[in-house]
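Remarks on the structure that follows.
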Amino acid sequence: DTAVSQTPKYLVTQMGNDKSIKCEQNLGHDTMYWYKQDSKKFLKIMFSYNNKELIINETVPNRFSPKSPDKAHLNLHINSLELGDSAVYFCASSQVVSGEAFFGQGTRLTVV
Amino acid sequence: KQEVTQIPAALSVPEGENLVLNCSFTDSAIYNLQWFRQDPGKGLTSLLLIQSSQREQTSGRLNASLDKSSGRSTLYIAASQPGDSATYLCAVPANAGGTSYGKLTFGQGTILTVHP
């Protein structure tokens with residue numbers, strides 16, 4: 001039973017399209033995140049939600065819009081995709097008190 | 001602003017060797033430090049979490065130490081095996097103390113290759 005699961009695992013799309021990535025966690029955590037791993041493998045946080053409330057929004061273009069319908073789900077919608085958006089996007093969750101983060105398997109987004 | 005550095009960037013060792021991976025961070029007021037493993041094309045697997053009040057944490061052949069005052073952590077891998085080959089990442093919460101919301105700042109990682 002996967003703790004943090006993302007769909008889809010791979011996403012290939014054309015420039016200008018709009019796409020969504022979904023994430024679900026069954027760990028009962030109250031905090032969820034989106035991280036981006038670029039071509040140099042560097043991981044950087046994009047957004048964080050705590051109890052469905054956005055608490056971190058790191059200088060991300062407003063073409064990226066996260067949405068948390070409930071504590072177990074965090075989706076990422078991207079409008080007007082650009083070549084530079086190609087990366088691996090990771091969802092993660094943690095229980096704030098312990099802070100230990102658990103990651104999904106990633107979504108490899110390729111914009112052509 | 002917290003910065004995390006990992007040394008070496010890459011390491012290649014023969015099977016059976018004991019090895020040490022290093023992680024340093026600039027802001028010592030951390031809540032905890034976490035070590036991860038990432039296999040090619042896969043997600044991150046949490047290996048060890050050390051709370052700021054702890055000096056070390058062990059899991060099987062892995063031992064992680066933390067020296068907050070000097071801003072350093074090491075991951076010791078005993079009797080390395082080819083299956084240990086992966087990228088190892090350390091990460092610290094960006095906010096100091098209390099509830100950190102888990103926002104992690106990552107190092108660039110150490111690519112470990114253990115050859116038979």
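Each chain in the structure tokens gets a letter, A, B and so on, in the order shown; residues start at 1 in every chain, and ligands are counted from 1 in the order they appear.
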Residues of chain A that have any atom at most 12 Å from an atom of chain B: could you tabulate them with the shortest-distance atom pair and the distance in Å to one decimal, using only C-alpha atoms, ordered by chain and increasing number, as a Markdown table?
```
| residue | atom | partner | partner_atom | distance |
| --- | --- | --- | --- | --- |
| A:Ala3 | CA | B:Thr45 | CA | 11.3 |
| A:Val4 | CA | B:Gly43 | CA | 10.1 |
| A:Ser5 | CA | B:Gly43 | CA | 10.3 |
| A:Gln6 | CA | B:Gly43 | CA | 10.4 |
| A:Lys9 | CA | B:Lys42 | CA | 10.0 |
| A:Tyr10 | CA | B:Gly41 | CA | 10.8 |
| A:His29 | CA | B:Tyr101 | CA | 11.4 |
| A:Asp30 | CA | B:Tyr101 | CA | 9.6 |
| A:Thr31 | CA | B:Tyr101 | CA | 7.2 |
| A:Met32 | CA | B:Gly102 | CA | 9.0 |
| A:Tyr33 | CA | B:Lys103 | CA | 8.1 |
| A:Trp34 | CA | B:Lys103 | CA | 10.1 |
| A:Tyr35 | CA | B:Leu104 | CA | 9.4 |
| A:Lys36 | CA | B:Phe106 | CA | 11.4 |
| A:Gln37 | CA | B:Gly43 | CA | 10.5 |
| A:Asp38 | CA | B:Gln108 | CA | 11.2 |
| A:Ser39 | CA | B:Gln108 | CA | 11.9 |
| A:Lys40 | CA | B:Gln108 | CA | 8.6 |
| A:Lys41 | CA | B:Gln108 | CA | 7.3 |
| A:Phe42 | CA | B:Gln108 | CA | 5.8 |
| A:Leu43 | CA | B:Phe106 | CA | 6.2 |
| A:Lys44 | CA | B:Thr105 | CA | 7.0 |
| A:Ile45 | CA | B:Lys103 | CA | 7.1 |
| A:Met46 | CA | B:Lys103 | CA | 9.6 |
| A:Phe47 | CA | B:Lys103 | CA | 8.9 |
| A:Ser48 | CA | B:Lys103 | CA | 7.5 |
| A:Tyr49 | CA | B:Tyr101 | CA | 8.8 |
| A:Asn50 | CA | B:Tyr101 | CA | 7.7 |
| A:Asn51 | CA | B:Tyr101 | CA | 11.0 |
| A:Glu53 | CA | B:Tyr101 | CA | 11.9 |
| A:Leu54 | CA | B:Tyr101 | CA | 11.2 |
| A:Ile55 | CA | B:Tyr101 | CA | 8.4 |
| A:Ile56 | CA | B:Lys103 | CA | 8.2 |
| A:Asn57 | CA | B:Lys103 | CA | 10.7 |
| A:Glu58 | CA | B:Lys103 | CA | 10.5 |
| A:Ala87 | CA | B:Gly41 | CA | 11.8 |
| A:Val88 | CA | B:Gly41 | CA | 9.2 |
| A:Tyr89 | CA | B:Gly43 | CA | 9.8 |
| A:Phe90 | CA | B:Gly43 | CA | 7.5 |
| A:Cys91 | CA | B:Gly43 | CA | 9.4 |
| A:Ala92 | CA | B:Leu44 | CA | 9.4 |
| A:Ser93 | CA | B:Gly102 | CA | 8.5 |
| A:Ser94 | CA | B:Gly102 | CA | 6.7 |
| A:Gln95 | CA | B:Gly102 | CA | 8.2 |
| A:Val96 | CA | B:Tyr101 | CA | 5.3 |
| A:Val97 | CA | B:Thr99 | CA | 5.9 |
| A:Ser98 | CA | B:Thr99 | CA | 8.4 |
| A:Gly99 | CA | B:Gly102 | CA | 5.1 |
| A:Glu100 | CA | B:Leu49 | CA | 6.5 |
| A:Ala101 | CA | B:Gly102 | CA | 7.0 |
| A:Phe102 | CA | B:Ser46 | CA | 6.5 |
| A:Phe103 | CA | B:Leu44 | CA | 5.7 |
| A:Gly104 | CA | B:Gly43 | CA | 5.8 |
| A:Gln105 | CA | B:Gly43 | CA | 3.9 |
| A:Gly106 | CA | B:Gly43 | CA | 5.6 |
| A:Thr107 | CA | B:Gly43 | CA | 9.2 |
| A:Arg108 | CA | B:Gly41 | CA | 8.8 |
```
TODO: Find the residues near Ser86 in chain A: any atom within 7 Å, counting only C-alpha atoms, skip ones fewer than 3 places away on the same chain, and give them as a PyMOL selection string.
DONE: chain A and resi 83+109-111
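Using only C-alpha atoms, the contacts of Asn63 in chain B at a cut-off of 7 Å, with sequence neighbours closer than 2 positions omitted, comprise Glu56, Gln57, Thr58, Ser59, Arg61, Ser65, Leu75, Tyr76 and Ile77 of chain B.
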> DSSP on the backbone: what in chain B comes out strand (DSSP E or B), as a ChimeraX atom specification?
Replying inline: /B:4-7,10-14,19-25,32-38,44-51,56-59,62-67,72-77,86-93,104-106,110-115
Could you produce a table of the residues of range 17-116 of chain B lying within 7 Å of range 3-13 of chain B, with the nearest pair of atoms per residue and their separation in Å rounded to one decimal, using only C-alpha atoms, ordered by chain and increasing residue number, as a tab-separated table?
```
residue	atom	partner	partner_atom	distance
B:Glu17	CA	B:Val13	CA	6.8
B:Leu21	CA	B:Ile7	CA	6.6
B:Asn22	CA	B:Ile7	CA	5.2
B:Cys23	CA	B:Gln6	CA	4.5
B:Ser24	CA	B:Thr5	CA	5.2
B:Phe25	CA	B:Val4	CA	4.5
B:Thr26	CA	B:Glu3	CA	5.5
B:Thr105	CA	B:Val4	CA	6.8
B:Phe106	CA	B:Val4	CA	6.1
B:Gly107	CA	B:Val4	CA	4.7
B:Gln108	CA	B:Gln6	CA	6.3
B:Gly109	CA	B:Gln6	CA	5.9
B:Thr110	CA	B:Ala9	CA	4.6
B:Ile111	CA	B:Ala10	CA	4.5
B:Leu112	CA	B:Leu11	CA	4.9
B:Thr113	CA	B:Ser12	CA	4.7
B:Val114	CA	B:Val13	CA	5.1
B:His115	CA	B:Val13	CA	6.4
```
Writing out the chosen residues with N, CA, C and O atoms as a PDB file, in the first residue's frame:
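Output file result_32.pdb is given in full below:
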```
ATOM      1  N   GLU B  17      33.550  -2.127   1.599  1.00  0.00           N
ATOM      2  CA  GLU B  17      34.170  -0.985   2.282  1.00  0.00           C
ATOM      3  C   GLU B  17      33.177  -0.244   3.164  1.00  0.00           C
ATOM      4  O   GLU B  17      31.983  -0.179   2.858  1.00  0.00           O
ATOM      5  N   LEU B  21      29.636   9.696   4.179  1.00  0.00           N
ATOM      6  CA  LEU B  21      29.144  10.796   3.362  1.00  0.00           C
ATOM      7  C   LEU B  21      28.953  12.007   4.271  1.00  0.00           C
ATOM      8  O   LEU B  21      28.500  11.868   5.410  1.00  0.00           O
ATOM      9  N   ASN B  22      29.301  13.171   3.749  1.00  0.00           N
ATOM     10  CA  ASN B  22      29.273  14.374   4.570  1.00  0.00           C
ATOM     11  C   ASN B  22      28.209  15.365   4.127  1.00  0.00           C
ATOM     12  O   ASN B  22      27.950  15.522   2.920  1.00  0.00           O
ATOM     13  N   CYS B  23      27.646  16.035   5.091  1.00  0.00           N
ATOM     14  CA  CYS B  23      26.628  17.052   4.843  1.00  0.00           C
ATOM     15  C   CYS B  23      26.909  18.223   5.785  1.00  0.00           C
ATOM     16  O   CYS B  23      27.132  18.012   6.984  1.00  0.00           O
ATOM     17  N   SER B  24      26.928  19.430   5.247  1.00  0.00           N
ATOM     18  CA  SER B  24      27.095  20.605   6.104  1.00  0.00           C
ATOM     19  C   SER B  24      25.994  21.613   5.813  1.00  0.00           C
ATOM     20  O   SER B  24      25.483  21.683   4.692  1.00  0.00           O
ATOM     21  N   PHE B  25      25.630  22.374   6.829  1.00  0.00           N
ATOM     22  CA  PHE B  25      24.554  23.358   6.682  1.00  0.00           C
ATOM     23  C   PHE B  25      24.979  24.652   7.355  1.00  0.00           C
ATOM     24  O   PHE B  25      25.732  24.644   8.329  1.00  0.00           O
ATOM     25  N   THR B  26      24.512  25.772   6.844  1.00  0.00           N
ATOM     26  CA  THR B  26      25.010  27.078   7.283  1.00  0.00           C
ATOM     27  C   THR B  26      24.298  27.614   8.518  1.00  0.00           C
ATOM     28  O   THR B  26      24.898  28.310   9.322  1.00  0.00           O
ATOM     29  N   THR B 105      15.388  22.062   2.872  1.00  0.00           N
ATOM     30  CA  THR B 105      16.435  22.533   1.979  1.00  0.00           C
ATOM     31  C   THR B 105      17.390  21.366   1.759  1.00  0.00           C
ATOM     32  O   THR B 105      17.921  20.809   2.723  1.00  0.00           O
ATOM     33  N   PHE B 106      17.588  21.008   0.492  1.00  0.00           N
ATOM     34  CA  PHE B 106      18.379  19.834   0.152  1.00  0.00           C
ATOM     35  C   PHE B 106      19.796  20.195  -0.257  1.00  0.00           C
ATOM     36  O   PHE B 106      20.045  21.276  -0.820  1.00  0.00           O
ATOM     37  N   GLY B 107      20.714  19.263   0.000  1.00  0.00           N
ATOM     38  CA  GLY B 107      22.021  19.329  -0.605  1.00  0.00           C
ATOM     39  C   GLY B 107      21.941  18.797  -2.027  1.00  0.00           C
ATOM     40  O   GLY B 107      20.896  18.303  -2.466  1.00  0.00           O
ATOM     41  N   GLN B 108      23.071  18.891  -2.739  1.00  0.00           N
ATOM     42  CA  GLN B 108      23.108  18.436  -4.129  1.00  0.00           C
ATOM     43  C   GLN B 108      23.203  16.921  -4.250  1.00  0.00           C
ATOM     44  O   GLN B 108      23.012  16.377  -5.328  1.00  0.00           O
ATOM     45  N   GLY B 109      23.525  16.266  -3.145  1.00  0.00           N
ATOM     46  CA  GLY B 109      23.587  14.812  -3.165  1.00  0.00           C
ATOM     47  C   GLY B 109      24.973  14.265  -3.414  1.00  0.00           C
ATOM     48  O   GLY B 109      25.844  14.939  -3.978  1.00  0.00           O
ATOM     49  N   THR B 110      25.189  13.054  -2.969  1.00  0.00           N
ATOM     50  CA  THR B 110      26.403  12.286  -3.261  1.00  0.00           C
ATOM     51  C   THR B 110      25.986  11.046  -4.041  1.00  0.00           C
ATOM     52  O   THR B 110      25.136  10.274  -3.569  1.00  0.00           O
ATOM     53  N   ILE B 111      26.571  10.898  -5.231  1.00  0.00           N
ATOM     54  CA  ILE B 111      26.281   9.727  -6.053  1.00  0.00           C
ATOM     55  C   ILE B 111      27.241   8.620  -5.650  1.00  0.00           C
ATOM     56  O   ILE B 111      28.453   8.742  -5.826  1.00  0.00           O
ATOM     57  N   LEU B 112      26.687   7.568  -5.079  1.00  0.00           N
ATOM     58  CA  LEU B 112      27.505   6.457  -4.597  1.00  0.00           C
ATOM     59  C   LEU B 112      27.413   5.277  -5.552  1.00  0.00           C
ATOM     60  O   LEU B 112      26.320   4.857  -5.930  1.00  0.00           O
ATOM     61  N   THR B 113      28.574   4.754  -5.921  1.00  0.00           N
ATOM     62  CA  THR B 113      28.636   3.527  -6.719  1.00  0.00           C
ATOM     63  C   THR B 113      29.460   2.513  -5.951  1.00  0.00           C
ATOM     64  O   THR B 113      30.602   2.792  -5.589  1.00  0.00           O
ATOM     65  N   VAL B 114      28.860   1.364  -5.682  1.00  0.00           N
ATOM     66  CA  VAL B 114      29.572   0.268  -5.024  1.00  0.00           C
ATOM     67  C   VAL B 114      29.728  -0.838  -6.050  1.00  0.00           C
ATOM     68  O   VAL B 114      28.741  -1.405  -6.521  1.00  0.00           O
ATOM     69  N   HIS B 115      30.962  -1.135  -6.414  1.00  0.00           N
ATOM     70  CA  HIS B 115      31.157  -2.154  -7.458  1.00  0.00           C
ATOM     71  C   HIS B 115      31.614  -3.470  -6.836  1.00  0.00           C
ATOM     72  O   HIS B 115      32.331  -3.497  -5.840  1.00  0.00           O
TER      73      HIS B 115
END
```
Computed gap from CA of Gln2 in chain B to CA of Ala94 in chain B is 6.1 Å
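CA of Arg37 in chain B lies 6.5 Å from CA of Ala86 in chain B.
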| field | Who sits within 7 Å of range 61-70 of chain A, only C-alpha atoms, same chain under 4 positions skipped, as a ChimeraX atom specification | value | /A:52,74-80
